[in-house]
There are 2 protein chains.
Amino acid sequence: MQQKQKPLIFITNDDGYRAKGLNALIDALRPLARILVVAPDDVRSGMSHAITMGLPLFLRQVRQEEGLEVWACSGTPVDCVKLAFDSVMTEMPVLALSGINHGSNSAVSVIYSGTMGAAMECSFYNVPSIGLSLLDHSPDADFTGAVRYSLKIIERVLGEQNPDLPMCLNVNVPNIPADEIRGIRVCRQNKGYWREEFERREDPRGRDYYWLTGAFLNQEEHATDTDEYALREGYVSVVPMQVDMTNYRQLDKIKKLYGRNNK
Amino acid sequence: MQQKQKPLIFITNDDGYRAKGLNALIDALRPLARILVVAPDDVRSGMSHAITMGLPLFLRQVRQEEGLEVWACSGTPVDCVKLAFDSVMTEMPVLALSGINHGSNSAVSVIYSGTMGAAMECSFYNVPSIGLSLLDHSPDADFTGAVRYSLKIIERVLGEQNPDLPMCLNVNVPNIPADEIRGIRVCRQNKGYWREEFERREDPRGRDYYWLTGAFLNQEEHATDTDEYALREGYVSVVPMQVDMTNYRQLDKIKKLYGRNNK
């Protein structure tokens, strides 16, 4: 019965339920919480906030142990969240996590990221949510530092008396040895864009095809209050997120340009 | 040679290059501009800002006429934009359009929308961009009103001397007869979320599967400065968009909670 009194934490990701980062997080949290995982059945990187509209979703349980349930879903990370909250959970979790992602989700990468799409979707259910990412893409990345700082942040969020909801934190951990991480910095999203250079090839039947490659174009190299800066300096970056994408700076100007009730 | 002097307009969408809404927009713009279309080769609704990371992209020209080129791409709407700007265009367009979408993209729907994902991606290339949507999902929707008001807004944006870039407008047109539309309202994104109710079925082999269905939960029914309100009142809504998702309201509070340089 004591197991039952532990809080319930929901976890998802975009690298799939087998990913090392997700399983490192599960292992670290099992002493503290009961855990429910609903995650993609395979890699779904770059899926952003995508949802599956034209196809049905398949869901199967892949693991069930004392205090741990893992489900694999055929859909996107956001599909996993929606299915979990609507059709899998029998109680609301105290916290929702997405990750730990293999690779960075700082700056404008948040809008392409399945990890952050899922984290934001969780926050819509009035549960504090955290997207967790390590700046190392490799499948066998070392998650020691990422787990250490994830736990610090998770404990802080769980310790808050009246969290200001909706709350969604975007946490990125630099790819340096755990003991060299200098601490945590709360910051804002760095401005900038990804610029692509597609690599064009020809398939054996003579058809052209293209591989996406790109580089981040930092539009504020010298800012010191951004996630890019914090990470470059060896800190874990924490950016509070929200989903109102209105450009308030432009709103009044455009209102004047368009007049009111323009026919 | 006169054809060459017309400005170049780029168009994409998420309903695919065959969609009625896209082709209504092409027909309306051909007298005014040269048009380049790079659009998905089939329906890609709900794809948000997703990009294709693990697979190559295929691209083929499906139409070429005086002043009009149409390319079909195997990827997401955002892939289409990236490929267009990197690998198809030989000159920068004066304007980028996404749509006209079959279905609404007001309120929080912007974050799920392939139409708006593509429109926002275009704005990253310092071209004024507009996402255009009609509140009618049906494949044979009547685009008369949507085309009329799209042209009004397009002409206004093209007429601006020094547009404040990046600029991305989210335009939604109510599903009422063109002559009953009351005008244009510049507004902000309505707060609210989609709540799902998955419909669970069993396939012929006994496996459960789920269909996504949902309803919009309006969190500010009484606000009069939002896109939802404008549309309900019979106006075309115009919301200026941006992609910094930092929650500035929470930023200082969370900074205090976390202290500085926290180990």
# chains A, B, ... in the order shown; residues from 1 in each chain; ligands from 1
$ interface_residues --of "chain A" --to "chain B" --cutoff "6 Å" --atoms "only C-alpha atoms" --output "short mmCIF file (atom, residue, chain, number, x, y, z; two decimals) with N, CA and C atoms, in the first residue's frame"
data_model
loop_
_atom_site.label_atom_id
_atom_site.label_comp_id
_atom_site.auth_asym_id
_atom_site.auth_seq_id
_atom_site.Cartn_x
_atom_site.Cartn_y
_atom_site.Cartn_z
N GLY A 46 11.43 15.94 -34.45
CA GLY A 46 11.05 16.99 -35.39
C GLY A 46 9.56 17.04 -35.67
N MET A 47 8.76 16.36 -34.80
CA MET A 47 7.31 16.29 -35.06
C MET A 47 6.55 17.48 -34.50
N SER A 48 7.25 18.37 -33.79
CA SER A 48 6.61 19.61 -33.35
C SER A 48 5.33 19.30 -32.57
N HIS A 49 4.29 20.08 -32.82
CA HIS A 49 3.01 19.89 -32.13
C HIS A 49 2.04 19.08 -33.00
N ALA A 50 2.59 18.29 -33.93
CA ALA A 50 1.74 17.57 -34.89
C ALA A 50 0.80 16.58 -34.20
N ILE A 51 -0.39 16.45 -34.76
CA ILE A 51 -1.37 15.45 -34.32
C ILE A 51 -1.77 14.60 -35.52
N PRO A 56 -6.07 6.17 -37.53
CA PRO A 56 -6.31 5.83 -36.13
C PRO A 56 -4.97 5.60 -35.42
N LEU A 57 -5.01 5.61 -34.10
CA LEU A 57 -3.81 5.40 -33.28
C LEU A 57 -3.86 4.04 -32.61
N PHE A 58 -2.72 3.38 -32.60
CA PHE A 58 -2.60 2.11 -31.88
C PHE A 58 -1.78 2.33 -30.61
N TYR A 112 10.03 23.25 -33.54
CA TYR A 112 10.15 22.03 -34.36
C TYR A 112 10.13 20.78 -33.49
N GLY A 183 25.69 25.39 -13.01
CA GLY A 183 24.46 25.70 -12.27
C GLY A 183 23.30 25.86 -13.22
N ILE A 184 22.23 26.52 -12.73
CA ILE A 184 20.98 26.67 -13.50
C ILE A 184 20.75 28.15 -13.76
N ARG A 185 20.36 28.48 -14.98
CA ARG A 185 20.01 29.86 -15.33
C ARG A 185 18.60 29.90 -15.89
N VAL A 186 17.74 30.73 -15.31
CA VAL A 186 16.41 30.97 -15.87
C VAL A 186 16.57 32.06 -16.92
N ARG A 188 15.41 33.59 -21.26
CA ARG A 188 14.41 33.69 -22.32
C ARG A 188 14.91 32.97 -23.57
N GLN A 189 13.98 32.70 -24.48
CA GLN A 189 14.28 32.02 -25.74
C GLN A 189 15.12 32.93 -26.64
N TYR A 209 16.37 13.35 -54.92
CA TYR A 209 15.83 13.47 -53.56
C TYR A 209 16.73 14.36 -52.74
N TYR A 210 16.24 14.81 -51.60
CA TYR A 210 16.90 15.85 -50.81
C TYR A 210 17.00 15.43 -49.35
N TRP A 211 18.18 15.62 -48.76
CA TRP A 211 18.35 15.43 -47.32
C TRP A 211 18.42 16.80 -46.66
N PRO A 240 10.66 29.45 -19.12
CA PRO A 240 9.22 29.22 -18.98
C PRO A 240 8.53 29.51 -20.31
N MET A 241 7.60 28.62 -20.70
CA MET A 241 6.99 28.69 -22.03
C MET A 241 5.49 29.00 -21.94
N GLN A 242 4.94 29.53 -23.03
CA GLN A 242 3.49 29.71 -23.18
C GLN A 242 3.15 29.66 -24.66
N MET A 245 0.85 33.07 -29.40
CA MET A 245 1.86 33.49 -30.39
C MET A 245 1.53 34.85 -31.01
N THR A 246 0.56 35.57 -30.43
CA THR A 246 0.26 36.92 -30.90
C THR A 246 1.51 37.79 -30.84
N ASN A 247 1.76 38.55 -31.87
CA ASN A 247 2.85 39.52 -31.85
C ASN A 247 2.29 40.82 -31.28
N LYS A 255 -3.36 47.27 -36.17
CA LYS A 255 -4.74 47.73 -35.96
C LYS A 255 -4.95 49.09 -36.63
N ASN A 261 -13.22 47.44 -38.28
CA ASN A 261 -14.40 46.94 -39.01
C ASN A 261 -14.31 47.19 -40.51
N ASN A 262 -13.10 47.02 -41.01
CA ASN A 262 -12.81 47.28 -42.41
C ASN A 262 -13.57 46.36 -43.35
N LYS A 263 -14.33 46.91 -44.23
CA LYS A 263 -15.08 46.10 -45.21
C LYS A 263 -14.20 45.82 -46.43
#
$ calpha_fit_and_write --fixed "chain A" --moving "chain B" --output "mmCIF file with C-alpha atoms, in the first residue's frame"
data_model
loop_
_atom_site.group_PDB
_atom_site.id
_atom_site.type_symbol
_atom_site.label_atom_id
_atom_site.label_comp_id
_atom_site.auth_asym_id
_atom_site.auth_seq_id
_atom_site.Cartn_x
_atom_site.Cartn_y
_atom_site.Cartn_z
ATOM 1 C CA MET B 1 0.095 -0.092 0.044
ATOM 2 C CA GLN B 2 2.953 2.356 0.601
ATOM 3 C CA GLN B 3 3.656 2.277 -3.134
ATOM 4 C CA LYS B 4 0.211 3.798 -3.695
ATOM 5 C CA GLN B 5 1.046 6.867 -1.656
ATOM 6 C CA LYS B 6 3.881 7.915 -3.915
ATOM 7 C CA PRO B 7 2.864 10.676 -6.330
ATOM 8 C CA LEU B 8 2.133 9.832 -9.958
ATOM 9 C CA ILE B 9 4.451 11.309 -12.603
ATOM 10 C CA PHE B 10 3.653 11.118 -16.320
ATOM 11 C CA ILE B 11 6.517 10.821 -18.816
ATOM 12 C CA THR B 12 6.625 10.979 -22.601
ATOM 13 C CA ASN B 13 9.252 11.863 -25.212
ATOM 14 C CA ASP B 14 9.844 12.012 -28.966
ATOM 15 C CA ASP B 15 12.708 9.514 -29.228
ATOM 16 C CA GLY B 16 10.455 6.536 -28.486
ATOM 17 C CA TYR B 17 9.908 4.418 -25.368
ATOM 18 C CA ARG B 18 13.178 2.518 -25.830
ATOM 19 C CA ALA B 19 15.398 5.632 -25.793
ATOM 20 C CA LYS B 20 18.229 5.845 -23.282
ATOM 21 C CA GLY B 21 17.267 9.359 -22.140
ATOM 22 C CA LEU B 22 13.710 8.331 -21.239
ATOM 23 C CA ASN B 23 14.884 5.244 -19.400
ATOM 24 C CA ALA B 24 17.556 7.181 -17.482
ATOM 25 C CA LEU B 25 14.769 9.470 -16.260
ATOM 26 C CA ILE B 26 12.537 6.526 -15.310
ATOM 27 C CA ASP B 27 15.357 4.894 -13.311
ATOM 28 C CA ALA B 28 16.114 8.136 -11.462
ATOM 29 C CA LEU B 29 12.464 8.779 -10.562
ATOM 30 C CA ARG B 30 11.325 5.303 -9.535
ATOM 31 C CA PRO B 31 12.409 5.712 -5.898
ATOM 32 C CA LEU B 32 10.357 8.938 -5.692
ATOM 33 C CA ALA B 33 7.194 8.288 -7.669
ATOM 34 C CA ARG B 34 4.845 5.952 -9.460
ATOM 35 C CA ILE B 35 5.457 6.426 -13.154
ATOM 36 C CA LEU B 36 3.172 6.265 -16.170
ATOM 37 C CA VAL B 37 4.839 6.425 -19.586
ATOM 38 C CA VAL B 38 2.984 6.838 -22.877
ATOM 39 C CA ALA B 39 5.607 7.389 -25.566
ATOM 40 C CA PRO B 40 5.954 6.859 -29.325
ATOM 41 C CA ASP B 41 6.676 3.305 -30.443
ATOM 42 C CA ASP B 42 9.656 4.604 -32.463
ATOM 43 C CA VAL B 43 11.641 7.798 -33.117
ATOM 44 C CA ARG B 44 9.381 10.852 -33.771
ATOM 45 C CA SER B 45 11.930 13.678 -33.768
ATOM 46 C CA GLY B 46 11.034 16.999 -35.391
ATOM 47 C CA MET B 47 7.298 16.306 -35.058
ATOM 48 C CA SER B 48 6.602 19.609 -33.340
ATOM 49 C CA HIS B 49 2.999 19.885 -32.125
ATOM 50 C CA ALA B 50 1.734 17.554 -34.893
ATOM 51 C CA ILE B 51 -1.382 15.441 -34.327
ATOM 52 C CA THR B 52 -2.618 12.447 -36.300
ATOM 53 C CA MET B 53 -5.823 13.432 -38.085
ATOM 54 C CA GLY B 54 -6.374 10.956 -40.917
ATOM 55 C CA LEU B 55 -5.351 7.690 -39.293
ATOM 56 C CA PRO B 56 -6.318 5.837 -36.136
ATOM 57 C CA LEU B 57 -3.820 5.413 -33.292
ATOM 58 C CA PHE B 58 -2.602 2.116 -31.889
ATOM 59 C CA LEU B 59 -1.576 1.799 -28.260
ATOM 60 C CA ARG B 60 -0.065 -1.189 -26.464
ATOM 61 C CA GLN B 61 1.346 -1.789 -23.013
ATOM 62 C CA VAL B 62 5.008 -2.788 -23.229
ATOM 63 C CA ARG B 63 5.978 -2.882 -19.533
ATOM 64 C CA GLN B 64 4.171 -3.242 -16.223
ATOM 65 C CA GLU B 65 5.948 -3.472 -12.894
ATOM 66 C CA GLU B 66 5.293 -2.283 -9.359
ATOM 67 C CA GLY B 67 5.005 1.498 -9.706
ATOM 68 C CA LEU B 68 5.730 1.600 -13.440
ATOM 69 C CA GLU B 69 3.570 1.299 -16.555
ATOM 70 C CA VAL B 70 4.905 1.898 -20.067
ATOM 71 C CA TRP B 71 2.674 2.228 -23.149
ATOM 72 C CA ALA B 72 3.851 2.547 -26.750
ATOM 73 C CA CYS B 73 1.755 4.552 -29.217
ATOM 74 C CA SER B 74 1.818 4.657 -33.013
ATOM 75 C CA GLY B 75 1.271 8.425 -33.134
ATOM 76 C CA THR B 76 3.143 11.661 -32.555
ATOM 77 C CA PRO B 77 4.412 12.865 -29.152
ATOM 78 C CA VAL B 78 1.350 15.135 -28.811
ATOM 79 C CA ASP B 79 -0.942 12.192 -29.702
ATOM 80 C CA CYS B 80 0.712 10.276 -26.828
ATOM 81 C CA VAL B 81 -0.130 13.082 -24.407
ATOM 82 C CA LYS B 82 -3.734 13.404 -25.586
ATOM 83 C CA LEU B 83 -4.288 9.638 -25.434
ATOM 84 C CA ALA B 84 -2.634 9.414 -22.014
ATOM 85 C CA PHE B 85 -4.771 12.141 -20.440
ATOM 86 C CA ASP B 86 -8.002 11.072 -22.140
ATOM 87 C CA SER B 87 -7.800 7.285 -22.246
ATOM 88 C CA VAL B 88 -4.991 5.855 -20.090
ATOM 89 C CA MET B 89 -4.832 7.792 -16.823
ATOM 90 C CA THR B 90 -7.096 6.903 -13.934
ATOM 91 C CA GLU B 91 -5.778 9.774 -11.796
ATOM 92 C CA MET B 92 -4.148 13.107 -12.618
ATOM 93 C CA PRO B 93 -0.346 13.162 -12.271
ATOM 94 C CA VAL B 94 1.371 15.745 -10.073
ATOM 95 C CA LEU B 95 3.907 16.424 -12.817
ATOM 96 C CA ALA B 96 4.418 15.727 -16.526
ATOM 97 C CA LEU B 97 7.848 15.298 -18.118
ATOM 98 C CA SER B 98 8.987 15.016 -21.723
ATOM 99 C CA GLY B 99 12.442 13.605 -22.362
ATOM 100 C CA ILE B 100 15.207 13.434 -21.574
ATOM 101 C CA ASN B 101 15.655 14.297 -25.244
ATOM 102 C CA HIS B 102 18.731 13.290 -27.191
ATOM 103 C CA GLY B 103 19.650 16.713 -28.614
ATOM 104 C CA SER B 104 19.124 20.417 -27.992
ATOM 105 C CA ASN B 105 15.770 22.202 -27.844
ATOM 106 C CA SER B 106 16.995 25.715 -27.171
ATOM 107 C CA ALA B 107 16.043 28.895 -29.057
ATOM 108 C CA VAL B 108 13.667 28.490 -32.017
ATOM 109 C CA SER B 109 14.174 24.705 -31.973
ATOM 110 C CA VAL B 110 11.234 24.616 -29.546
ATOM 111 C CA ILE B 111 8.792 25.065 -32.425
ATOM 112 C CA TYR B 112 10.145 22.035 -34.355
ATOM 113 C CA SER B 113 10.592 19.866 -31.294
ATOM 114 C CA GLY B 114 8.348 16.900 -30.545
ATOM 115 C CA THR B 115 9.721 16.901 -27.000
ATOM 116 C CA MET B 116 8.558 20.468 -26.406
ATOM 117 C CA GLY B 117 5.303 19.967 -28.331
ATOM 118 C CA ALA B 118 4.450 17.167 -25.914
ATOM 119 C CA ALA B 119 5.586 19.148 -22.855
ATOM 120 C CA MET B 120 3.405 22.103 -23.855
ATOM 121 C CA GLU B 121 0.430 19.858 -24.528
ATOM 122 C CA CYS B 122 0.761 18.413 -20.995
ATOM 123 C CA SER B 123 0.621 21.915 -19.528
ATOM 124 C CA PHE B 124 -2.833 22.359 -21.119
ATOM 125 C CA TYR B 125 -4.150 19.822 -18.605
ATOM 126 C CA ASN B 126 -3.183 22.063 -15.678
ATOM 127 C CA VAL B 127 -0.304 19.854 -14.631
ATOM 128 C CA PRO B 128 3.138 21.474 -14.226
ATOM 129 C CA SER B 129 5.219 20.199 -17.125
ATOM 130 C CA ILE B 130 8.906 20.138 -17.985
ATOM 131 C CA GLY B 131 10.633 19.371 -21.286
ATOM 132 C CA LEU B 132 14.139 18.020 -20.653
ATOM 133 C CA SER B 133 16.891 17.932 -23.290
ATOM 134 C CA LEU B 134 20.591 17.132 -23.379
ATOM 135 C CA LEU B 135 22.809 18.771 -26.018
ATOM 136 C CA ASP B 136 23.978 15.428 -27.373
ATOM 137 C CA HIS B 137 22.165 13.680 -30.236
ATOM 138 C CA SER B 138 23.892 10.324 -29.936
ATOM 139 C CA PRO B 139 21.753 7.322 -28.921
ATOM 140 C CA ASP B 140 24.277 6.367 -26.212
ATOM 141 C CA ALA B 141 24.791 9.886 -24.821
ATOM 142 C CA ASP B 142 25.910 10.210 -21.177
ATOM 143 C CA PHE B 143 22.878 11.395 -19.191
ATOM 144 C CA THR B 144 24.639 11.716 -15.790
ATOM 145 C CA GLY B 145 24.562 15.523 -15.696
ATOM 146 C CA ALA B 146 21.156 15.755 -17.345
ATOM 147 C CA VAL B 147 19.619 13.394 -14.779
ATOM 148 C CA ARG B 148 21.272 15.210 -11.863
ATOM 149 C CA TYR B 149 19.927 18.606 -12.906
ATOM 150 C CA SER B 150 16.558 17.231 -14.033
ATOM 151 C CA LEU B 151 16.053 15.895 -10.501
ATOM 152 C CA LYS B 152 16.984 19.266 -8.964
ATOM 153 C CA ILE B 153 14.430 21.059 -11.132
ATOM 154 C CA ILE B 154 11.750 18.394 -10.682
ATOM 155 C CA GLU B 155 12.132 18.582 -6.887
ATOM 156 C CA ARG B 156 11.849 22.360 -6.995
ATOM 157 C CA VAL B 157 8.686 22.269 -9.116
ATOM 158 C CA LEU B 158 7.119 19.565 -6.926
ATOM 159 C CA GLY B 159 8.003 21.585 -3.830
ATOM 160 C CA GLU B 160 6.079 24.680 -4.979
ATOM 161 C CA GLN B 161 2.989 25.353 -2.899
ATOM 162 C CA ASN B 162 0.859 27.129 -5.490
ATOM 163 C CA PRO B 163 2.430 26.702 -8.892
ATOM 164 C CA ASP B 164 1.366 29.369 -11.389
ATOM 165 C CA LEU B 165 -0.472 27.224 -13.969
ATOM 166 C CA PRO B 166 -0.277 26.638 -16.856
ATOM 167 C CA MET B 167 3.433 26.058 -16.331
ATOM 168 C CA CYS B 168 5.780 24.571 -18.889
ATOM 169 C CA LEU B 169 9.550 24.757 -18.479
ATOM 170 C CA ASN B 170 11.993 24.168 -21.315
ATOM 171 C CA VAL B 171 15.168 22.746 -19.743
ATOM 172 C CA ASN B 172 18.360 22.182 -21.731
ATOM 173 C CA VAL B 173 21.546 20.674 -20.295
ATOM 174 C CA PRO B 174 24.978 21.402 -21.826
ATOM 175 C CA ASN B 175 26.992 18.474 -23.117
ATOM 176 C CA ILE B 176 29.830 18.685 -20.613
ATOM 177 C CA PRO B 177 30.819 16.434 -17.688
ATOM 178 C CA ALA B 178 28.259 16.628 -14.849
ATOM 179 C CA ASP B 179 30.745 18.147 -12.392
ATOM 180 C CA GLU B 180 31.656 20.939 -14.801
ATOM 181 C CA ILE B 181 28.064 22.213 -15.141
ATOM 182 C CA ARG B 182 28.086 25.637 -13.469
ATOM 183 C CA GLY B 183 24.472 25.709 -12.292
ATOM 184 C CA ILE B 184 20.997 26.672 -13.490
ATOM 185 C CA ARG B 185 20.010 29.870 -15.310
ATOM 186 C CA VAL B 186 16.419 30.977 -15.859
ATOM 187 C CA CYS B 187 16.369 32.760 -19.215
ATOM 188 C CA ARG B 188 14.397 33.687 -22.310
ATOM 189 C CA GLN B 189 14.271 32.022 -25.735
ATOM 190 C CA ASN B 190 17.137 33.188 -27.956
ATOM 191 C CA LYS B 191 16.076 34.788 -31.254
ATOM 192 C CA GLY B 192 17.300 33.163 -34.457
ATOM 193 C CA TYR B 193 16.384 30.729 -37.212
ATOM 194 C CA TRP B 194 17.587 27.542 -38.784
ATOM 195 C CA ARG B 195 18.893 27.933 -42.305
ATOM 196 C CA GLU B 196 18.762 24.859 -44.488
ATOM 197 C CA GLU B 197 21.116 23.531 -47.050
ATOM 198 C CA PHE B 198 19.489 20.557 -48.687
ATOM 199 C CA GLU B 199 21.805 17.941 -50.029
ATOM 200 C CA ARG B 200 20.534 16.801 -53.416
ATOM 201 C CA ARG B 201 21.146 13.225 -54.586
ATOM 202 C CA GLU B 202 19.826 10.935 -57.277
ATOM 203 C CA ASP B 203 18.199 7.590 -56.499
ATOM 204 C CA PRO B 204 18.965 4.409 -58.501
ATOM 205 C CA ARG B 205 15.940 5.157 -60.704
ATOM 206 C CA GLY B 206 17.128 8.675 -61.554
ATOM 207 C CA ARG B 207 14.779 10.574 -59.246
ATOM 208 C CA ASP B 208 16.168 13.551 -57.322
ATOM 209 C CA TYR B 209 15.843 13.483 -53.576
ATOM 210 C CA TYR B 210 16.899 15.855 -50.822
ATOM 211 C CA TRP B 211 18.342 15.441 -47.332
ATOM 212 C CA LEU B 212 17.628 18.201 -44.850
ATOM 213 C CA THR B 213 20.726 19.690 -43.248
ATOM 214 C CA GLY B 214 20.932 23.066 -41.558
ATOM 215 C CA ALA B 215 22.691 25.456 -39.248
ATOM 216 C CA PHE B 216 21.362 27.769 -36.536
ATOM 217 C CA LEU B 217 21.588 31.461 -37.369
ATOM 218 C CA ASN B 218 21.856 33.257 -34.018
ATOM 219 C CA GLN B 219 20.255 36.694 -34.276
ATOM 220 C CA GLU B 220 21.500 37.889 -30.912
ATOM 221 C CA GLU B 221 25.031 36.598 -30.395
ATOM 222 C CA HIS B 222 25.757 39.188 -27.704
ATOM 223 C CA ALA B 223 22.676 38.813 -25.511
ATOM 224 C CA THR B 224 23.457 37.410 -22.050
ATOM 225 C CA ASP B 225 19.915 36.614 -20.848
ATOM 226 C CA THR B 226 19.094 33.861 -23.370
ATOM 227 C CA ASP B 227 19.133 30.081 -23.293
ATOM 228 C CA GLU B 228 21.830 29.936 -25.986
ATOM 229 C CA TYR B 229 24.137 32.099 -23.861
ATOM 230 C CA ALA B 230 23.513 30.139 -20.654
ATOM 231 C CA LEU B 231 24.288 26.848 -22.417
ATOM 232 C CA ARG B 232 27.417 28.266 -24.049
ATOM 233 C CA GLU B 233 28.604 29.367 -20.602
ATOM 234 C CA GLY B 234 28.103 25.880 -19.149
ATOM 235 C CA TYR B 235 24.772 26.433 -17.363
ATOM 236 C CA VAL B 236 21.541 24.455 -17.515
ATOM 237 C CA SER B 237 18.972 26.755 -19.192
ATOM 238 C CA VAL B 238 15.370 26.988 -17.944
ATOM 239 C CA VAL B 239 12.858 28.912 -20.098
ATOM 240 C CA PRO B 240 9.218 29.227 -18.963
ATOM 241 C CA MET B 241 6.978 28.708 -22.018
ATOM 242 C CA GLN B 242 3.490 29.700 -23.167
ATOM 243 C CA VAL B 243 1.509 29.287 -26.400
ATOM 244 C CA ASP B 244 0.001 32.697 -27.150
ATOM 245 C CA MET B 245 1.859 33.484 -30.381
ATOM 246 C CA THR B 246 0.257 36.904 -30.903
ATOM 247 C CA ASN B 247 2.851 39.514 -31.839
ATOM 248 C CA TYR B 248 1.756 42.144 -29.295
ATOM 249 C CA ARG B 249 4.532 44.480 -30.411
ATOM 250 C CA GLN B 250 2.935 44.667 -33.878
ATOM 251 C CA LEU B 251 -0.710 44.428 -32.791
ATOM 252 C CA ASP B 252 -1.492 48.127 -32.266
ATOM 253 C CA LYS B 253 0.448 49.219 -35.324
ATOM 254 C CA ILE B 254 -1.409 46.774 -37.539
ATOM 255 C CA LYS B 255 -4.737 47.729 -35.964
ATOM 256 C CA LYS B 256 -4.103 51.322 -37.049
ATOM 257 C CA LEU B 257 -3.084 50.253 -40.556
ATOM 258 C CA TYR B 258 -6.264 48.233 -40.974
ATOM 259 C CA GLY B 259 -8.664 50.570 -39.223
ATOM 260 C CA ARG B 260 -11.670 49.075 -37.498
ATOM 261 C CA ASN B 261 -14.406 46.952 -39.033
ATOM 262 C CA ASN B 262 -12.810 47.266 -42.408
ATOM 263 C CA LYS B 263 -15.024 46.057 -45.237
#
$ select_by_dssp --residues "stretch 43-242 of chain B" --states "alpha helix (DSSP H)" --output "PyMOL selection string"
chain B and resi 77-83+114-123+144-159+227-232
